[in-house]
Amino acid sequence: MTAFEGKSVLITGGGSGIGAATARLMAEAGAAVALTGIPEAGLAAVAAEIGGKGGRALAIPTDVTIEGDIEAAIAKAAAAFGRVDCVVANAGIQRHRTDVNLPEMDMAEWELTQDVNLRGVVRTCKHALAQMLRQGGGGSIVIVSSITALSGRSANVSYMTAKSGLLGLNRHIAVHYAKHGIRCNAVCPGALEQTPDWDDHPNPVRRREMMERAIPLGRLGTPEDIAPMIAFLASDAAGYATGGQFVVDGGITVAA
């Protein structure tokens, strides 16, 4: 039996990057996967790819800034698969050019990142917990944070603050829902080859050169480097792990 045989998982931000890589990996391990996010085309492409390999995948266009979208997506996944065993709260944005210089920042810029990266995850966890409590039998939530939550180096102040808040949310869920058999863990990816909103980065070539010099393993990460940790924490193999924050960053955090 594969690791996720008979299990179902919902992944936000599932149409690209870490979400798509995680969906592919968990589907290969037997999971039925609900892919949520925007735009719809990315979700449909990943779902078709998984289906073409004999897996089971459902694409559900979802905007994590709209609570009704999240509630409906989890309900659709539960209706299609019978239950929702695991939720990966992954959707996020990174406003490289405008999420800087707090004294000059328009608060609308601050709120945009907070609404996706912090409140979007809160909405996702709220309705994931509600579904898991209704169906019984426990469950697993994996929150995708960032190594920016562990230091003050990032210039993207709203992004860093939101990702830091996710670590507190993770601890809260782990402590207060363990009695229901629900685990929660956070993964903190390091610098990847492509960040969220890659096209918005002001100098991606310089970033690559600088990060490759700083990372002990000598390279930027890929979504495929992060997905195995997420899948492990979501699986029964990590049944005694809850409330943890797991860094996957090529060693840059400990080298700083």
# chains A, B, ... in the order shown; residues from 1 in each chain; ligands from 1
>>> select_by_dssp(residues="region 29-242 of chain A", states="alpha helix (DSSP H)", output="number ranges by chain")
A: 40-52, 67-81, 107-117, 119-135, 157-177, 204-214, 223-234
>>> closest_atom_pairs(of="region 23-58 of chain A", to="region 63-78 of chain A", cutoff="12 Å", atoms="only C-alpha atoms", output="CSV")
residue,atom,partner,partner_atom,distance
A:Ala32,CA,A:Ala77,CA,9.3
A:Val33,CA,A:Ala77,CA,8.3
A:Ala34,CA,A:Ala77,CA,6.0
A:Leu35,CA,A:Ala73,CA,9.1
A:Thr36,CA,A:Ala73,CA,7.2
A:Gly37,CA,A:Asp63,CA,5.9
A:Ile38,CA,A:Asp63,CA,6.3
A:Pro39,CA,A:Asp63,CA,9.0
A:Glu40,CA,A:Asp63,CA,10.3
A:Arg56,CA,A:Ala77,CA,11.6
A:Ala57,CA,A:Ala77,CA,9.8
A:Leu58,CA,A:Ala77,CA,7.7
>>> residues_around(residues="region 14-26 of chain A", least_positions_apart="4", cutoff="10 Å", atoms="only C-alpha atoms", output="JSON, numbers by chain")
{"A": [2, 3, 4, 5, 7, 8, 9, 10, 30, 31, 32, 33, 34, 35, 36, 37, 38, 39, 40, 41, 42, 43, 44, 45, 46, 47, 49, 50, 53, 55, 57, 59, 60, 61, 88, 89, 90, 91, 144, 189, 192, 194, 195, 196, 222, 223, 224, 225, 226, 227, 228, 229, 230, 231, 232, 234, 235]}
>>> closest_residue(among="A:Arg183, A:Ala155, A:Gly243, A:Gln135", to="Gly168 (chain A)", atoms="only C-alpha atoms")
A:Gly243
>>> residues_around(residues="region 114-119 of chain A", least_positions_apart="4", cutoff="7 Å", atoms="only C-alpha atoms", output="ChimeraX atom specification")
/A:64-65,91-93,110,123,158,162-163,165-166
>>> write_last_selection(atoms="N, CA and C atoms", output="short mmCIF file (atom, residue, chain, number, x, y, z; two decimals), in the first residue's frame")
data_model
loop_
_atom_site.label_atom_id
_atom_site.label_comp_id
_atom_site.auth_asym_id
_atom_site.auth_seq_id
_atom_site.Cartn_x
_atom_site.Cartn_y
_atom_site.Cartn_z
N VAL A 64 -8.30 32.50 -2.24
CA VAL A 64 -8.20 32.37 -0.79
C VAL A 64 -8.55 33.65 -0.05
N THR A 65 -8.69 34.77 -0.75
CA THR A 65 -9.13 36.00 -0.10
C THR A 65 -10.65 36.05 0.07
N ALA A 91 -1.00 28.58 -0.74
CA ALA A 91 -1.16 29.74 -1.62
C ALA A 91 -0.48 30.97 -1.04
N GLY A 92 0.22 31.70 -1.89
CA GLY A 92 0.90 32.90 -1.41
C GLY A 92 1.34 33.80 -2.55
N ILE A 93 1.61 35.05 -2.23
CA ILE A 93 2.16 36.01 -3.18
C ILE A 93 3.37 36.67 -2.55
N TRP A 110 0.29 46.72 1.96
CA TRP A 110 0.44 45.83 3.11
C TRP A 110 -0.71 44.83 3.18
N ARG A 123 -8.19 31.39 6.76
CA ARG A 123 -9.47 30.92 6.20
C ARG A 123 -9.39 29.45 5.81
N SER A 158 5.81 43.00 4.51
CA SER A 158 4.50 42.39 4.71
C SER A 158 4.56 40.88 4.51
N ALA A 162 3.67 38.26 7.48
CA ALA A 162 2.62 37.26 7.29
C ALA A 162 3.15 35.85 7.51
N LYS A 163 4.30 35.55 6.94
CA LYS A 163 4.88 34.22 7.09
C LYS A 163 5.24 33.93 8.54
N GLY A 165 3.54 35.13 11.13
CA GLY A 165 2.26 34.85 11.77
C GLY A 165 1.80 33.42 11.58
N LEU A 166 2.16 32.82 10.45
CA LEU A 166 1.76 31.44 10.19
C LEU A 166 2.37 30.46 11.19
#
>>> residues_around(residues="Met132 (chain A)", least_positions_apart="5", cutoff="9 Å", atoms="only C-alpha atoms", output="PDB file with C-alpha atoms, in the first residue's frame")
ATOM      1  CA  ARG A  83     -13.656  13.165   3.274  1.00  0.00           C
ATOM      2  CA  VAL A  84     -10.633  15.477   3.443  1.00  0.00           C
ATOM      3  CA  ASP A  85      -7.736  13.862   5.292  1.00  0.00           C
ATOM      4  CA  CYS A  86      -4.984  16.398   4.636  1.00  0.00           C
ATOM      5  CA  HIS A 127     -12.645  25.416   7.109  1.00  0.00           C
ATOM      6  CA  GLY A 137     -10.959  10.438  12.445  1.00  0.00           C
ATOM      7  CA  GLY A 138      -8.387  13.195  12.741  1.00  0.00           C
ATOM      8  CA  GLY A 139      -6.411  14.759   9.939  1.00  0.00           C
ATOM      9  CA  SER A 140      -3.272  16.636   9.025  1.00  0.00           C
ATOM     10  CA  HIS A 180      -9.224  15.473  17.959  1.00  0.00           C
ATOM     11  CA  ILE A 182      -5.555  16.615  14.054  1.00  0.00           C
TER      12      ILE A 182
END
>>> residues_around(residues="region 149-151 of chain A", least_positions_apart="6", cutoff="7 Å", atoms="only C-alpha atoms", output="list in words")
Met160, Thr161, Lys163 and Ser164 of chain A
>>> select_by_dssp(residues="region 75-231 of chain A", states="strand (DSSP E)", output="short mmCIF file (atom, residue, chain, number, x, y, z; two decimals) with N, CA and C atoms, in the first residue's frame")
data_model
loop_
_atom_site.label_atom_id
_atom_site.label_comp_id
_atom_site.auth_asym_id
_atom_site.auth_seq_id
_atom_site.Cartn_x
_atom_site.Cartn_y
_atom_site.Cartn_z
N CYS A 86 -6.14 15.51 4.52
CA CYS A 86 -4.98 16.40 4.64
C CYS A 86 -5.26 17.70 3.89
N VAL A 87 -4.79 18.80 4.45
CA VAL A 87 -4.87 20.09 3.77
C VAL A 87 -3.48 20.72 3.79
N VAL A 88 -3.04 21.17 2.62
CA VAL A 88 -1.77 21.88 2.49
C VAL A 88 -2.09 23.34 2.17
N ALA A 89 -1.85 24.22 3.14
CA ALA A 89 -2.13 25.66 2.99
C ALA A 89 -0.89 26.31 2.41
N GLY A 139 -6.83 14.16 11.20
CA GLY A 139 -6.41 14.76 9.94
C GLY A 139 -5.06 15.43 10.11
N SER A 140 -4.58 15.98 9.01
CA SER A 140 -3.27 16.64 9.02
C SER A 140 -3.33 17.92 8.21
N ILE A 141 -2.75 18.98 8.76
CA ILE A 141 -2.62 20.26 8.06
C ILE A 141 -1.14 20.58 7.97
N VAL A 142 -0.70 20.99 6.80
CA VAL A 142 0.66 21.47 6.61
C VAL A 142 0.59 22.90 6.09
N ILE A 143 1.20 23.82 6.82
CA ILE A 143 1.23 25.23 6.45
C ILE A 143 2.58 25.55 5.82
N VAL A 144 2.55 26.18 4.66
CA VAL A 144 3.79 26.57 4.00
C VAL A 144 4.14 28.00 4.41
N ILE A 182 -5.96 15.75 15.16
CA ILE A 182 -5.56 16.62 14.05
C ILE A 182 -4.16 17.16 14.35
N ARG A 183 -3.25 16.93 13.41
CA ARG A 183 -1.89 17.44 13.53
C ARG A 183 -1.71 18.66 12.63
N CYS A 184 -0.76 19.51 12.99
CA CYS A 184 -0.44 20.67 12.15
C CYS A 184 1.07 20.93 12.24
N ASN A 185 1.69 21.11 11.09
CA ASN A 185 3.11 21.43 11.03
C ASN A 185 3.35 22.50 9.97
N ALA A 186 4.46 23.21 10.11
CA ALA A 186 4.82 24.25 9.16
C ALA A 186 6.13 23.90 8.46
N VAL A 187 6.17 24.15 7.17
CA VAL A 187 7.39 23.98 6.39
C VAL A 187 7.89 25.37 6.01
N CYS A 188 9.19 25.58 6.18
CA CYS A 188 9.82 26.87 5.86
C CYS A 188 10.80 26.68 4.71
N PRO A 189 10.34 26.87 3.48
CA PRO A 189 11.25 26.75 2.34
C PRO A 189 12.26 27.90 2.32
#
>>> closest_residue(among="A:Ile147, A:Asp249, A:Tyr240, A:Pro216", to="Glu193 (chain A)", atoms="only C-alpha atoms")
A:Asp249
>>> closest_residue(among="A:Thr242, A:Ser145, A:Gln94, A:Asn101", to="Lys179 (chain A)", atoms="only C-alpha atoms")
A:Thr242
>>> atom_distance(atom1="CA of Lys126 (chain A)", atom2="CA of Ser146 (chain A)")
20.6 Å
